[in-house]
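Source file coords14.cif; content: mmCIF, C-alpha atoms.
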```cif
data_start
#
loop_
_atom_site.label_atom_id
_atom_site.label_comp_id
_atom_site.auth_asym_id
_atom_site.auth_seq_id
_atom_site.Cartn_x
_atom_site.Cartn_y
_atom_site.Cartn_z
CA MET A 1 0.00 0.00 0.00
CA ARG A 2 2.76 2.42 0.94
CA LYS A 3 4.73 1.62 -2.23
CA THR A 4 1.62 2.14 -4.37
CA SER A 5 0.96 5.51 -2.73
CA ILE A 6 4.54 6.64 -3.35
CA LEU A 7 4.46 5.52 -6.99
CA LEU A 8 1.18 7.33 -7.59
CA ALA A 9 2.50 10.48 -5.95
CA ILE A 10 5.64 10.40 -8.13
CA LEU A 11 3.55 9.84 -11.26
CA PHE A 12 1.24 12.76 -10.45
CA LEU A 13 4.19 15.08 -9.79
CA LEU A 14 5.89 14.11 -13.04
CA VAL A 15 2.89 14.71 -15.29
CA ALA A 16 0.94 17.39 -13.44
CA CYS A 17 3.11 20.42 -14.20
CA ALA A 18 1.24 22.68 -16.64
CA THR A 19 0.23 26.32 -16.92
CA SER A 20 -3.00 27.74 -18.33
CA PRO A 21 -3.14 30.76 -20.71
CA THR A 22 -3.80 33.00 -17.69
CA GLY A 23 -0.73 31.69 -15.82
CA ARG A 24 -2.62 29.40 -13.45
CA SER A 25 -0.90 26.17 -12.38
CA GLN A 26 -2.74 23.09 -13.59
CA PHE A 27 -2.89 19.37 -12.87
CA VAL A 28 -2.92 17.86 -16.39
CA MET A 29 -1.85 14.27 -16.96
CA MET A 30 -3.75 12.94 -20.00
CA PRO A 31 -1.96 12.83 -23.40
CA LYS A 32 -3.25 15.44 -25.84
CA ALA A 33 -3.82 12.81 -28.54
CA GLN A 34 -6.09 10.84 -26.21
CA MET A 35 -8.14 13.95 -25.38
CA VAL A 36 -8.53 14.70 -29.09
CA VAL A 37 -9.85 11.18 -29.70
CA LEU A 38 -12.33 11.56 -26.84
CA GLY A 39 -13.47 14.93 -28.18
CA VAL A 40 -13.97 13.68 -31.74
CA GLN A 41 -15.83 10.57 -30.57
CA SER A 42 -18.11 12.59 -28.28
CA PHE A 43 -18.87 15.05 -31.07
CA GLN A 44 -19.74 12.25 -33.48
CA GLN A 45 -22.04 10.65 -30.92
CA LEU A 46 -23.85 13.97 -30.38
CA GLN A 47 -24.35 14.34 -34.12
CA ASN A 48 -25.79 10.83 -34.27
CA GLU A 49 -28.23 11.58 -31.46
CA THR A 50 -29.25 15.18 -32.21
CA PRO A 51 -30.41 16.51 -35.60
CA LEU A 52 -28.75 19.54 -37.11
CA VAL A 53 -30.80 22.66 -37.90
CA LYS A 54 -32.09 22.97 -41.46
CA ASN A 55 -32.09 26.77 -41.39
CA LYS A 56 -29.11 27.59 -43.62
CA LYS A 57 -29.11 31.30 -42.68
CA MET A 58 -28.90 30.47 -38.98
CA THR A 59 -26.09 28.00 -39.57
CA ALA A 60 -24.16 30.46 -41.74
CA TYR A 61 -24.55 33.21 -39.11
CA ILE A 62 -23.29 31.09 -36.22
CA GLN A 63 -20.43 29.70 -38.31
CA CYS A 64 -19.48 33.26 -39.35
CA VAL A 65 -19.09 34.33 -35.71
CA ALA A 66 -17.24 31.14 -34.77
CA GLN A 67 -14.91 31.41 -37.78
CA ALA A 68 -13.81 34.93 -36.80
CA ILE A 69 -12.67 33.54 -33.43
CA ILE A 70 -11.06 30.30 -34.61
CA ASP A 71 -9.07 32.19 -37.27
CA LEU A 72 -7.05 33.83 -34.47
CA PRO A 73 -3.44 32.54 -34.33
CA SER A 74 -3.70 31.43 -30.69
CA VAL A 75 -6.80 29.36 -31.50
CA GLN A 76 -5.20 27.82 -34.59
CA GLN A 77 -2.32 26.65 -32.40
CA ALA A 78 -4.78 24.54 -30.40
CA SER A 79 -6.22 22.98 -33.56
CA SER A 80 -6.07 23.75 -37.25
CA ASP A 81 -9.09 21.59 -38.07
CA TRP A 82 -12.05 23.24 -36.33
CA GLU A 83 -15.60 22.13 -37.10
CA ILE A 84 -18.78 24.04 -36.20
CA GLN A 85 -22.21 22.42 -36.15
CA VAL A 86 -25.59 23.89 -35.13
CA PHE A 87 -27.98 21.50 -33.38
CA ASP A 88 -31.76 21.58 -33.55
CA ASP A 89 -32.09 21.83 -29.78
CA ASP A 90 -33.95 24.55 -27.86
CA ALA A 91 -31.66 24.30 -24.81
CA VAL A 92 -29.58 27.45 -24.22
CA ASN A 93 -26.21 25.82 -24.63
CA ALA A 94 -22.97 25.61 -26.62
CA PHE A 95 -19.74 23.67 -26.17
CA ALA A 96 -16.25 23.14 -27.60
CA LEU A 97 -14.34 19.88 -27.39
CA PRO A 98 -10.68 18.87 -27.72
CA GLY A 99 -9.92 18.29 -31.37
CA GLY A 100 -11.54 21.56 -32.45
CA LYS A 101 -15.21 20.57 -32.38
CA ILE A 102 -17.77 23.29 -31.64
CA GLY A 103 -21.47 22.65 -31.11
CA VAL A 104 -24.15 25.33 -30.75
CA ASN A 105 -27.81 24.73 -29.92
CA LYS A 106 -30.25 26.95 -31.79
CA GLY A 107 -31.77 27.75 -28.37
CA LEU A 108 -28.65 29.73 -27.50
CA LEU A 109 -29.92 32.57 -29.69
CA LYS A 110 -32.62 33.24 -27.07
CA ALA A 111 -29.83 34.62 -24.85
CA ALA A 112 -27.18 35.59 -27.41
CA GLN A 113 -29.23 38.18 -29.27
CA SER A 114 -26.43 39.75 -31.33
CA ALA A 115 -23.22 38.66 -33.04
CA ASP A 116 -21.17 40.24 -30.23
CA GLN A 117 -23.11 38.34 -27.57
CA LEU A 118 -22.79 35.09 -29.52
CA ALA A 119 -19.05 35.73 -29.79
CA ALA A 120 -18.89 36.01 -25.99
CA VAL A 121 -20.30 32.48 -25.67
CA LEU A 122 -18.16 30.97 -28.42
CA GLY A 123 -15.04 32.70 -27.10
CA HIS A 124 -15.79 31.25 -23.68
CA GLU A 125 -16.22 27.73 -25.05
CA VAL A 126 -13.05 27.93 -27.16
CA GLY A 127 -11.32 29.21 -24.02
CA HIS A 128 -12.06 25.87 -22.35
CA VAL A 129 -10.16 24.10 -25.13
CA LEU A 130 -7.22 26.51 -25.11
CA ALA A 131 -6.90 26.12 -21.33
CA ARG A 132 -7.18 22.30 -21.53
CA HIS A 133 -9.99 22.29 -19.00
CA GLY A 134 -11.31 18.95 -20.25
CA ASN A 135 -7.93 17.35 -19.63
CA GLU A 136 -7.75 19.02 -16.23
CA ARG A 137 -11.17 17.67 -15.18
CA VAL A 138 -10.38 14.13 -16.32
CA SER A 139 -7.02 14.25 -14.53
CA GLN A 140 -8.58 15.54 -11.30
CA GLN A 141 -11.29 12.90 -11.32
CA PHE A 142 -8.79 10.14 -12.00
CA ALA A 143 -6.47 11.30 -9.23
CA MET A 144 -9.34 11.69 -6.78
CA GLY A 145 -10.55 8.19 -7.63
CA GLN A 146 -7.12 6.76 -6.94
CA VAL A 147 -6.89 8.54 -3.60
CA MET A 148 -10.37 7.31 -2.60
CA THR A 149 -9.47 3.74 -3.56
CA LEU A 150 -6.28 3.86 -1.48
CA MET A 151 -8.15 5.29 1.51
CA GLU A 152 -10.85 2.65 1.31
CA SER A 153 -8.26 -0.15 1.07
CA TRP A 154 -6.39 1.23 4.08
CA MET A 155 -9.57 1.44 6.13
CA ALA A 156 -10.59 -2.09 5.13
CA VAL A 157 -7.20 -3.51 6.16
CA ASN A 158 -7.39 -1.71 9.49
CA ASN A 159 -11.00 -2.81 10.08
CA SER A 160 -12.23 0.72 10.50
CA GLU A 161 -15.64 0.60 12.18
CA TYR A 162 -16.73 3.76 10.40
CA ARG A 163 -15.36 2.93 6.96
CA LYS A 164 -18.58 3.46 4.98
CA THR A 165 -19.48 6.67 6.81
CA ALA A 166 -15.95 8.03 6.43
CA MET A 167 -15.79 7.18 2.73
CA ALA A 168 -19.14 8.86 2.11
CA ALA A 169 -17.91 11.98 3.89
CA LEU A 170 -14.64 11.93 1.95
CA GLY A 171 -16.56 11.61 -1.31
CA LEU A 172 -18.71 14.64 -0.58
CA GLY A 173 -15.69 16.56 0.66
CA ALA A 174 -13.80 15.77 -2.53
CA LYS A 175 -16.69 16.95 -4.69
CA VAL A 176 -17.51 20.17 -2.84
CA GLY A 177 -13.99 20.94 -1.66
CA VAL A 178 -12.00 20.16 -4.80
CA LEU A 179 -13.90 19.30 -7.99
CA LEU A 180 -16.63 21.95 -7.81
CA PRO A 181 -14.30 24.84 -6.90
CA PHE A 182 -12.00 23.80 -9.73
CA GLY A 183 -15.03 23.88 -12.02
CA ARG A 184 -15.82 27.44 -10.96
CA VAL A 185 -12.19 28.47 -11.45
CA GLN A 186 -12.24 27.01 -14.94
CA GLU A 187 -15.49 28.78 -15.82
CA SER A 188 -14.16 32.13 -14.62
CA GLU A 189 -10.92 31.56 -16.49
CA SER A 190 -12.82 30.78 -19.70
CA ASP A 191 -14.87 33.94 -19.24
CA GLU A 192 -11.65 35.96 -19.18
CA ILE A 193 -10.02 34.10 -22.08
CA GLY A 194 -13.24 34.25 -24.10
CA GLN A 195 -13.66 37.98 -23.54
CA ASP A 196 -10.13 38.57 -24.81
CA LEU A 197 -10.67 36.25 -27.80
CA MET A 198 -13.87 37.97 -28.89
CA ALA A 199 -12.16 41.36 -28.61
CA ARG A 200 -9.15 40.21 -30.65
CA ALA A 201 -11.58 38.92 -33.29
CA GLY A 202 -13.24 42.33 -33.54
CA PHE A 203 -16.35 41.81 -31.40
CA ASP A 204 -17.34 44.33 -28.72
CA PRO A 205 -16.40 42.80 -25.33
CA ARG A 206 -19.04 44.88 -23.54
CA ALA A 207 -21.58 42.46 -25.02
CA SER A 208 -20.26 39.75 -22.69
CA VAL A 209 -21.89 41.56 -19.77
CA THR A 210 -25.16 41.97 -21.66
CA LEU A 211 -25.10 38.28 -22.50
CA TRP A 212 -24.94 37.25 -18.85
CA GLN A 213 -27.65 39.73 -17.97
CA ASN A 214 -29.79 37.95 -20.56
CA MET A 215 -28.79 34.58 -19.11
CA ALA A 216 -29.85 35.74 -15.65
CA LYS A 217 -33.29 36.68 -16.98
CA LEU A 218 -33.70 33.26 -18.59
CA SER A 219 -32.55 31.38 -15.47
CA SER A 220 -35.46 31.42 -13.05
CA LYS A 221 -33.46 29.69 -10.33
CA GLN A 222 -29.70 29.11 -10.17
CA PRO A 223 -28.24 26.64 -7.62
CA SER A 224 -26.08 27.94 -4.80
CA GLU A 225 -22.58 28.76 -6.06
CA PHE A 226 -21.15 26.59 -3.25
CA LEU A 227 -22.84 23.53 -4.78
CA SER A 228 -22.38 24.46 -8.42
CA THR A 229 -19.61 24.09 -10.98
CA HIS A 230 -20.44 27.56 -12.31
CA PRO A 231 -20.03 30.98 -10.69
CA SER A 232 -23.20 32.97 -10.02
CA HIS A 233 -24.38 35.31 -12.78
CA LYS A 234 -23.62 38.25 -10.50
CA ASN A 235 -20.01 37.18 -9.95
CA ARG A 236 -19.50 36.41 -13.63
CA ILE A 237 -20.63 39.90 -14.59
CA LYS A 238 -18.42 41.42 -11.91
CA ASP A 239 -15.36 39.53 -13.16
CA LEU A 240 -16.07 40.42 -16.79
CA GLN A 241 -16.35 44.07 -15.87
CA SER A 242 -13.01 43.85 -14.02
CA ASN A 243 -11.34 42.54 -17.18
CA MET A 244 -13.10 45.06 -19.44
CA GLY A 245 -10.22 47.56 -19.65
CA GLN A 246 -7.86 44.96 -21.11
CA ALA A 247 -10.55 43.60 -23.43
CA LEU A 248 -11.47 47.05 -24.76
CA ALA A 249 -7.83 47.77 -25.53
CA LEU A 250 -7.66 44.55 -27.56
CA TYR A 251 -10.94 45.46 -29.29
CA GLU A 252 -9.62 48.89 -30.29
CA THR A 253 -6.46 47.28 -31.68
CA ALA A 254 -8.55 44.83 -33.70
CA GLN A 255 -10.73 47.63 -35.03
CA ALA A 256 -7.67 49.66 -36.04
CA ALA A 257 -6.34 46.61 -37.89
CA GLY A 258 -9.60 46.39 -39.86
CA ARG A 259 -10.87 43.30 -38.06
CA THR A 260 -14.63 43.96 -38.20
CA PRO A 261 -16.64 40.76 -38.70
CA SER A 262 -19.90 41.28 -40.57
CA CYS A 263 -22.06 38.43 -39.26
CA ARG A 264 -25.78 39.17 -39.48
CA PRO A 265 -28.35 37.32 -37.34
CA PRO A 266 -31.05 35.56 -39.39
CA SER A 267 -34.20 37.64 -39.75
#
```

So, in terms of structure tokens, how does the structure I just supplied come out?
Amino acid sequence: MRKTSILLAILFLLVACATSPTGRSQFVMMPKAQMVVLGVQSFQQLQNETPLVKNKKMTAYIQCVAQAIIDLPSVQQASSDWEIQVFDDDAVNAFALPGGKIGVNKGLLKAAQSADQLAAVLGHEVGHVLARHGNERVSQQFAMGQVMTLMESWMAVNNSEYRKTAMAALGLGAKVGVLLPFGRVQESESDEIGQDLMARAGFDPRASVTLWQNMAKLSSKQPSEFLSTHPSHKNRIKDLQSNMGQALALYETAQAAGRTPSCRPPS
């Protein structure tokens, strides 16, 4: 047991060293190629299960906004083979997966009511890929599972009377104390990265605040931030406003360089 613990600790230390685009230290241990395979497979499964929209104008509009973001050099470094699909789903949602796969539900347009607001969402989702958040989540869950397994084995060997109760408490503590806070950190980080990406692409970053105001109106009840993987709408808006000075400077630079996407919402 002791040897196994030491070997696991050495393995984690060897592969965990990584830094996100914002300079945050990360625990990332999955090979990039494996994450790409997972992303491509997941995207294919979603396409098999969910029909694509037939509205060509809607598809062209969403792809226009997405293309302006994925054409950025920093995004091309993550993947040079991006794919954007629009799903016939009324849920207000979008996602980006390792391997350069972007999915947008048509329902997202209920909240993202302009090209700038849509760019805020797509920038956010691409930010998850650039920051390797999927890899980080998988790595955290794997590591936590290994720790839980070792703890349970140790308690079983030592005939702990309260093994089941202790393991249940450890499981909840791991979720609330580690995995959920990391989820909120990742969401906030993607908000910042996404706001910068949309600005570099020539979209007005002030629309990111408007977007989350719209999201708040559509969300009748949001779970407590303590028990959620996402920050509250209020905190998201506050953080976006704090980063606004930097984003506006990037937006002005993009405008001066003639980067002005002309993506028109479908009438």

Students should find that atom CA of Val121 of chain A and atom CA of Val138 of chain A are spaced 22.9 Å

Dump as CSV the rows for residues of segment 79-132 of chain A within 12 Å of segment 69-74 of chain A: closest atom pair and distance in Å with one decimal, only C-alpha atoms counted, ordered by chain and rising residue number.
```
residue,atom,partner,partner_atom,distance
A:Ser79,CA,A:Ile70,CA,8.8
A:Ser80,CA,A:Ile70,CA,8.6
A:Asp81,CA,A:Ile70,CA,9.6
A:Trp82,CA,A:Ile70,CA,7.3
A:Glu83,CA,A:Ile70,CA,9.7
A:Ile84,CA,A:Ile70,CA,10.1
A:Ala96,CA,A:Ile70,CA,11.3
A:Gly100,CA,A:Ile70,CA,9.0
A:Lys101,CA,A:Ile70,CA,10.8
A:Ile102,CA,A:Ile70,CA,10.1
A:Ala115,CA,A:Ile69,CA,11.7
A:Asp116,CA,A:Ile69,CA,11.3
A:Leu118,CA,A:Ile69,CA,11.0
A:Ala119,CA,A:Ile69,CA,7.7
A:Ala120,CA,A:Ile69,CA,10.0
A:Val121,CA,A:Ile69,CA,10.9
A:Leu122,CA,A:Ile69,CA,7.9
A:Gly123,CA,A:Ile69,CA,6.8
A:His124,CA,A:Ile69,CA,10.5
A:Glu125,CA,A:Ile69,CA,10.8
A:Val126,CA,A:Ile70,CA,8.1
A:Gly127,CA,A:Ser74,CA,10.4
A:Val129,CA,A:Ser74,CA,11.2
A:Leu130,CA,A:Ser74,CA,8.2
A:Ala131,CA,A:Ser74,CA,11.2
```

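For the pair atom CA of Pro261 of chain A and atom CA of Tyr61 of chain A, the separation is 10.9 Å.
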
task: Fewer than 6 positions away in the same chain doesn't count, so skip those; otherwise give me all residues within 7 Å of segment 209-211 of chain A, counting only C-alpha atoms, as number ranges by chain.
output: A: 111-112, 117, 237, 240

Worksheet item: Quick one: residues within 12 Å of Pro21 of chain A, all atoms listed in the file counted, chain neighbours fewer than 6 positions away excluded, as an MDAnalysis selection string?
Response: chainID A and resid 74:75 78 127:133 186 189:190 192:194 196:197

Would you mind exporting C-alpha atoms of the selected residues as a PDB file, in the coordinates of the input?
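So the final result, stored in out.pdb, reads:
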```pdb
ATOM      1  CA  SER A  74      -3.700  31.430 -30.690  1.00  0.00           C
ATOM      2  CA  VAL A  75      -6.800  29.360 -31.500  1.00  0.00           C
ATOM      3  CA  ALA A  78      -4.780  24.540 -30.400  1.00  0.00           C
ATOM      4  CA  GLY A 127     -11.320  29.210 -24.020  1.00  0.00           C
ATOM      5  CA  HIS A 128     -12.060  25.870 -22.350  1.00  0.00           C
ATOM      6  CA  VAL A 129     -10.160  24.100 -25.130  1.00  0.00           C
ATOM      7  CA  LEU A 130      -7.220  26.510 -25.110  1.00  0.00           C
ATOM      8  CA  ALA A 131      -6.900  26.120 -21.330  1.00  0.00           C
ATOM      9  CA  ARG A 132      -7.180  22.300 -21.530  1.00  0.00           C
ATOM     10  CA  HIS A 133      -9.990  22.290 -19.000  1.00  0.00           C
ATOM     11  CA  GLN A 186     -12.240  27.010 -14.940  1.00  0.00           C
ATOM     12  CA  GLU A 189     -10.920  31.560 -16.490  1.00  0.00           C
ATOM     13  CA  SER A 190     -12.820  30.780 -19.700  1.00  0.00           C
ATOM     14  CA  GLU A 192     -11.650  35.960 -19.180  1.00  0.00           C
ATOM     15  CA  ILE A 193     -10.020  34.100 -22.080  1.00  0.00           C
ATOM     16  CA  GLY A 194     -13.240  34.250 -24.100  1.00  0.00           C
ATOM     17  CA  ASP A 196     -10.130  38.570 -24.810  1.00  0.00           C
ATOM     18  CA  LEU A 197     -10.670  36.250 -27.800  1.00  0.00           C
TER      19      LEU A 197
END
```

Could you write out as number ranges by chain the residues that the PyMOL selection byres ((chain A and resi 86) around 6) matches in the shown file?
A: 52, 85, 87, 103-105
